[in-house]
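Working notes, beginning with the structure itself.
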Amino acid sequence: MATTLAQEEESMGLPPGREVQAKPSDFRPPNVALTTLGLALASFMQVLDTTIANVSLPAISGNLGGSANQATWVITSFAVSTAIALPLTGWLTRHFGERKLFMWSTLAFVFASFLCGIAHSMGLLVVARALQGFVAGPMYPVTQALLLSIYPPAKRGQAIALLAMVTVVAPIAGPILGGWITDNYSWEWIFFINIPIGIFASTVVGRQLKGRPERLEKPKMDYIGLATLVLGVGALQVLLDLGNDEDWFASPTIVMLTITSAIALAVFVIWELTDKDPIVNLRLFRHRNFRSGTIAMTVAYGAFFSVGILVPLWLQRNLGYTAIWAGFATAPIGILPVILTPFVGKYANRFDLRILASFAFIAMSLTSFARSHFNLDVDFQHVALVQLFQGLGVALFFMPVLQILLSDLEPHEIAAGSGLATFVRTLGGSFAASLTTYAWSERGAVHHANLTERVSALDPNAMQAVAQYGGGDVQRGAAVLEQMISNQAAQLGFNEIFHLLGLIFLAVILFVWLAKPPFGAKTGGAPTGGGH
């Protein structure tokens with residue numbers, strides 16, 4: 001019983017100050033490979049659903065009779081709910097246990113997916129997506145904690161690398177798979193495909209981890225923390241999603257959302273740092289590696305997310321690609337991570353992880369600088385090759401940085417730390433998406449004004465050149481020239497943003513080197529949690 005108790009203590013973690021002789025858990029599922037498959041499929045399904053609906057919005061809004069703006073709430077409701085639920089992972093694992101939390105959140109995700117598929121109005125679909133996003137929140141962090149727990153310390157790098165690959169490949173596969181399903185079947189099936197996957201994952205993992213020792217706690221519900229979290233994050237996510245459409249701070253709605261979010265989040269942070277039993281343990285930032293690793297992950301992921309947003313938009317708006325072909329052009333970014341991830345997971349710990357992460361950011365910086373020299377005549381092959389090379393950076397990015405930020409957490413802090421880091425990373429992605437599209441629009445407008453100034457209606461030579469564009473018709477020529485100027489202005493803005501992204505990737509290297517080795521996960525010793 002002594003060994004079992006120690007396993008329980010380590011698995012779930014106890015309040016700070018408890019005297020426990022924690023040891024590495026000896027529990028192993030009957031079939032590690034099958035358990036890994038179940039965990040990976042659940043994570044893939046959850047991450048996939050962050051992007052799979054994007055290309056299907058026109059079909060969804062047309063079928064349900066909603067406007068384009070209403071259709072965007074299919075994405076927004078999922079993102080808001082996920083962002084709110086993510087930092088609650090630590091509290092939920094203490095209350096229910098990691099195995100049960102995984103099983104029930106996965107089955108709840110299946111049920112929410114079914115509701116999405118049978119929704120007969122836009123309002124019902126948005127509500128179902130909000131539910132789906134909320135139950136999806138804990139899935140990734142608790143999957144990461146379970147995956148780490150079933151592998152011995154020497155192989156945990158491989159486990160992290162597997163999840164990193166899922167994190168990269170699933171968002172890329174989402175638009176391609178979503179477009180294919182919508183074109184060949186119907187949009188409902190982008191949600192229905194989750195049902196067999198989720199049931200399989202929940203059943204397999206539940207059975208394989210049956211008997212896994214876990215000691216539950218009954219933590220108090222931090223109602224003030226929960227209320228301020230929901231209000232602050234919800235308002236922040238909504239203002240980020242509506243900002244571009246509402247012309248940012250020219251809109252009273254955006255101003256009100258900003259004030260609400262700022263006050264609520266300020267109260268949330270102060271309360272969580274001073275409460276004895278916070279619903280979100282912000283004290284985890286006391287760990288040096290967790291702090292620096294999370295900053296590096298958030299900034300780099302924000303830049304990476306910007307690339308993922310901007311390139312497909314540019315391909316469709318300025319180069320005339322369809323959604324599917326834009327997906328094909330960007331998809332090569334996932335090839336090298338799939339090939340290299342097993343090797344990175346196996347051999348990465350032989351090197352200083354900070355060096356690997358630095359190589360990753362240099363590679364991603366070089367690809368950003370390469371895109372800053374693109375023009376409107378760039379061909380498919382060139383775009384795809386740059387995406388392929390960026391995959392080298394992606395393969396070396398997620399696993400080392402994830403391992404760095406988890407390295408100085410106690411075993412019982414991993415689920416909460418993973419949830420908190422993923423939450424901050426998700427917000428970073430939301431900020432990046434809004435700021436990138438806004439900056440592209442603004443810089444395009446500036447360049448459009450500068451280019452237009454050079455064409456004067458009082459210049460006979462200029463008007464003659466304009467008429468030539470329209471086959472002798474000045475008005476038609478002016479319309480053709482306007483389109484040309486708009487495309488060139490957008491291209492100049494695109495190039496400027498990617499030059500900036502290249503500099504950001506280089507700057508992230510500084511944060512990585514603030515972390516200190518060793519970077520192996522803690523597996524023994526008494527839990528030290530608490531706020532020291």
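Numbering starts fresh at 1 for the residues of each chain in the structure tokens, the chains themselves are lettered A, B, ... in the order given, and ligands are numbered from 1 as they appear.
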Near-range 344-353 of chain A list (10 Å; only C-alpha atoms; drop same-chain fewer than 4 positions) as a PyMOL selection string: chain A and resi 154-162+164+337+339-340+357-359+395-397+399-401+403-404+512-513+515+517-520
Tell me, as a short mmCIF file (atom, residue, chain, number, x, y, z; two decimals) with all heavy atoms, in the first residue's frame, which residues lie within 9 Å of Asp241 in chain A, counting only C-alpha atoms; anything in the same chain fewer than 6 positions away does not count.
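Generated output (around06.cif):
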```
data_model
loop_
_atom_site.label_atom_id
_atom_site.label_comp_id
_atom_site.auth_asym_id
_atom_site.auth_seq_id
_atom_site.Cartn_x
_atom_site.Cartn_y
_atom_site.Cartn_z
N THR A 72 -19.17 33.69 -38.46
CA THR A 72 -17.87 33.76 -37.78
C THR A 72 -17.99 33.39 -36.30
O THR A 72 -17.00 32.99 -35.69
CB THR A 72 -17.26 35.18 -37.89
OG1 THR A 72 -18.16 36.12 -37.31
CG2 THR A 72 -17.02 35.54 -39.34
N THR A 76 -15.69 31.84 -33.30
CA THR A 76 -15.46 32.64 -32.09
C THR A 76 -15.97 31.95 -30.83
O THR A 76 -15.28 31.94 -29.80
CB THR A 76 -16.14 34.01 -32.23
OG1 THR A 76 -15.63 34.67 -33.39
CG2 THR A 76 -15.87 34.87 -31.01
N SER A 430 -4.58 34.42 -30.56
CA SER A 430 -5.73 35.29 -30.85
C SER A 430 -5.27 36.73 -31.08
O SER A 430 -5.73 37.41 -32.01
CB SER A 430 -6.72 35.25 -29.68
OG SER A 430 -7.30 33.98 -29.55
N ALA A 433 -3.56 36.85 -34.51
CA ALA A 433 -4.49 36.80 -35.65
C ALA A 433 -5.13 38.16 -35.89
O ALA A 433 -5.19 38.65 -37.04
CB ALA A 433 -5.57 35.75 -35.38
N SER A 434 -5.58 38.81 -34.81
CA SER A 434 -6.23 40.11 -34.95
C SER A 434 -5.24 41.19 -35.38
O SER A 434 -5.52 41.98 -36.30
CB SER A 434 -6.89 40.51 -33.64
OG SER A 434 -7.92 39.62 -33.30
#
```
CA of Phe374 in chain A to CA of Ala507 in chain A, straight-line distance in Å: 22.8 Å
Long-range neighbours of Lys100 in chain A as JSON, numbers by chain, 12 Å cut-off, only C-alpha atoms, 4 positions minimum in chain: {"A": [92, 93, 94, 95, 96, 104, 105, 106, 107, 108, 138, 139, 142, 143, 146, 202, 203, 205, 206, 207, 209, 210, 211, 212, 213, 214, 216]}
Within 9 Å of Asn281 in chain A using only C-alpha atoms, minus same-chain residues under 2 positions, as a ChimeraX atom specification: /A:87,90-91,272-273,277-279,283-285,416-417,420
Output of the above residues as a PDB file, in the first residue's frame, restricted to N, CA, C and O atoms:
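Resulting contents of out-v3.pdb:
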```pdb
ATOM      1  N   PRO A  87      -7.445  27.248 -18.415  1.00  0.00           N
ATOM      2  CA  PRO A  87      -6.782  27.418 -17.115  1.00  0.00           C
ATOM      3  C   PRO A  87      -7.492  26.724 -15.959  1.00  0.00           C
ATOM      4  O   PRO A  87      -6.949  26.678 -14.847  1.00  0.00           O
ATOM      5  N   GLY A  90      -6.204  22.539 -13.975  1.00  0.00           N
ATOM      6  CA  GLY A  90      -5.595  22.140 -12.705  1.00  0.00           C
ATOM      7  C   GLY A  90      -6.641  21.855 -11.638  1.00  0.00           C
ATOM      8  O   GLY A  90      -6.568  20.846 -10.928  1.00  0.00           O
ATOM      9  N   TRP A  91      -7.637  22.734 -11.515  1.00  0.00           N
ATOM     10  CA  TRP A  91      -8.698  22.536 -10.517  1.00  0.00           C
ATOM     11  C   TRP A  91      -9.508  21.287 -10.836  1.00  0.00           C
ATOM     12  O   TRP A  91      -9.840  20.496  -9.943  1.00  0.00           O
ATOM     13  N   GLU A 272      -6.178  35.776  -7.728  1.00  0.00           N
ATOM     14  CA  GLU A 272      -5.573  34.447  -7.838  1.00  0.00           C
ATOM     15  C   GLU A 272      -4.213  34.378  -7.146  1.00  0.00           C
ATOM     16  O   GLU A 272      -3.816  33.330  -6.635  1.00  0.00           O
ATOM     17  N   LEU A 273      -3.503  35.493  -7.116  1.00  0.00           N
ATOM     18  CA  LEU A 273      -2.192  35.511  -6.468  1.00  0.00           C
ATOM     19  C   LEU A 273      -2.296  35.591  -4.954  1.00  0.00           C
ATOM     20  O   LEU A 273      -1.341  35.278  -4.240  1.00  0.00           O
ATOM     21  N   ASP A 277      -6.658  29.134  -2.183  1.00  0.00           N
ATOM     22  CA  ASP A 277      -6.966  27.985  -3.036  1.00  0.00           C
ATOM     23  C   ASP A 277      -7.481  28.488  -4.386  1.00  0.00           C
ATOM     24  O   ASP A 277      -8.660  28.343  -4.713  1.00  0.00           O
ATOM     25  N   PRO A 278      -6.591  29.079  -5.219  1.00  0.00           N
ATOM     26  CA  PRO A 278      -7.035  29.702  -6.471  1.00  0.00           C
ATOM     27  C   PRO A 278      -7.480  28.664  -7.495  1.00  0.00           C
ATOM     28  O   PRO A 278      -6.970  27.547  -7.531  1.00  0.00           O
ATOM     29  N   ILE A 279      -8.415  29.071  -8.337  1.00  0.00           N
ATOM     30  CA  ILE A 279      -8.868  28.155  -9.380  1.00  0.00           C
ATOM     31  C   ILE A 279      -7.828  28.030 -10.490  1.00  0.00           C
ATOM     32  O   ILE A 279      -7.765  27.028 -11.193  1.00  0.00           O
ATOM     33  N   ARG A 283       0.867  31.040  -9.474  1.00  0.00           N
ATOM     34  CA  ARG A 283       2.159  30.942  -8.800  1.00  0.00           C
ATOM     35  C   ARG A 283       3.123  30.019  -9.541  1.00  0.00           C
ATOM     36  O   ARG A 283       4.310  29.973  -9.214  1.00  0.00           O
ATOM     37  N   LEU A 284       2.609  29.292 -10.511  1.00  0.00           N
ATOM     38  CA  LEU A 284       3.502  28.440 -11.313  1.00  0.00           C
ATOM     39  C   LEU A 284       4.561  29.276 -12.037  1.00  0.00           C
ATOM     40  O   LEU A 284       5.629  28.773 -12.382  1.00  0.00           O
ATOM     41  N   PHE A 285       4.270  30.550 -12.249  1.00  0.00           N
ATOM     42  CA  PHE A 285       5.239  31.414 -12.924  1.00  0.00           C
ATOM     43  C   PHE A 285       6.452  31.715 -12.053  1.00  0.00           C
ATOM     44  O   PHE A 285       7.388  32.367 -12.499  1.00  0.00           O
ATOM     45  N   ALA A 416      -1.759  21.260 -14.539  1.00  0.00           N
ATOM     46  CA  ALA A 416      -2.122  22.672 -14.367  1.00  0.00           C
ATOM     47  C   ALA A 416      -1.196  23.573 -15.175  1.00  0.00           C
ATOM     48  O   ALA A 416      -1.636  24.540 -15.803  1.00  0.00           O
ATOM     49  N   GLY A 417       0.109  23.255 -15.174  1.00  0.00           N
ATOM     50  CA  GLY A 417       1.083  24.051 -15.914  1.00  0.00           C
ATOM     51  C   GLY A 417       0.844  23.982 -17.412  1.00  0.00           C
ATOM     52  O   GLY A 417       0.915  24.992 -18.113  1.00  0.00           O
ATOM     53  N   LEU A 420      -2.231  26.067 -18.166  1.00  0.00           N
ATOM     54  CA  LEU A 420      -1.952  27.500 -18.080  1.00  0.00           C
ATOM     55  C   LEU A 420      -1.115  27.971 -19.263  1.00  0.00           C
ATOM     56  O   LEU A 420      -1.389  29.014 -19.872  1.00  0.00           O
TER      57      LEU A 420
END
```
Nearest to Ile197 in chain A, chosen from A:Gln46, A:Ser121, A:Ser81, A:Ser251, with only C-alpha atoms counted in the distances: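 Closest to Ile197 in chain A, using only C-alpha atoms: A:Gln46.
For Ile84 in chain A, the list of residues within 8 Å, based on only C-alpha atoms and with local chain neighbours fewer than 3 positions off taken out, reads Val80, Ser81, Pro87, Leu88, Phe134, Gly137, Leu229, Val230, Val233 and Gly234 of chain A.
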Shell of 10 Å around Lys516 in chain A, only C-alpha atoms, local chain residues under 4 positions omitted, as a ChimeraX atom specification: /A:288-289,292,354,404,407-408,512
With only C-alpha atoms counted and 7 Å as the cut-off, give the residues of range 112-158 of chain A in contact with range 182-195 of chain A, each with its shortest interatomic distance in Å and the pair that gives it, as a Markdown table.
```
| residue | atom | partner | partner_atom | distance |
| --- | --- | --- | --- | --- |
| A:Ser113 | CA | A:Phe191 | CA | 5.1 |
| A:Phe114 | CA | A:Phe192 | CA | 6.0 |
| A:Cys116 | CA | A:Phe191 | CA | 6.4 |
| A:Gly117 | CA | A:Glu188 | CA | 4.5 |
```
Helix (DSSP H, G or I) call set, DSSP backbone run, range 177-343 of chain A, as a PyMOL selection string: chain A and resi 177-184+189-192+194-208+223-242+248-250+252-274+282-286+288-317+323-343
Shortest interatomic distance to Ile52 in chain A - which of A:Ile75, A:Ile504, A:Leu366, A:Val267, counting only C-alpha atoms: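 Going through A:Ile75, A:Ile504, A:Leu366, A:Val267 one by one, the smallest distance to Ile52 in chain A is for A:Ile75.
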Pick from A:Ile333, A:Ala119, A:Ala363, A:Leu147, whichever lies nearest to Leu163 in chain A using only C-alpha atoms: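 Checking each candidate against Leu163 in chain A, we get A:Leu147 as the closest.
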Distance criterion (only C-alpha atoms): nearest to Pro171 in chain A out of A:Gly97, A:Gly334, A:Pro219, A:Gly133: A:Gly334
Which of A:Leu64, A:Gly327, A:Gly428, A:Arg286 sits closest to Leu236 in chain A [using only C-alpha atoms]: A:Gly428
Closest of A:Thr341, A:Gln316, A:Leu265, A:Ala136 to Gly419 in chain A - atom-to-atom distances counting only C-alpha atoms: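 Using only C-alpha atoms, the shortest distance to Gly419 in chain A belongs to A:Ala136.
In this model, the gap between CA of His447 in chain A and CA of Ile485 in chain A comes to 8.8 Å.
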Kindly assemble as a tab-separated table a list of the range 221-310 of chain A residues that lie within 12 Å of range 488-497 of chain A, each paired with its nearest atom pair and their distance in Å to one decimal, using only C-alpha atoms, sorted first by chain and then by ascending residue number.
```
residue	atom	partner	partner_atom	distance
A:Ala303	CA	A:Ile497	CA	10.3
A:Ser306	CA	A:Ile497	CA	9.4
A:Val307	CA	A:Ile497	CA	9.7
A:Ile309	CA	A:Phe494	CA	11.7
A:Leu310	CA	A:Phe494	CA	8.0
```
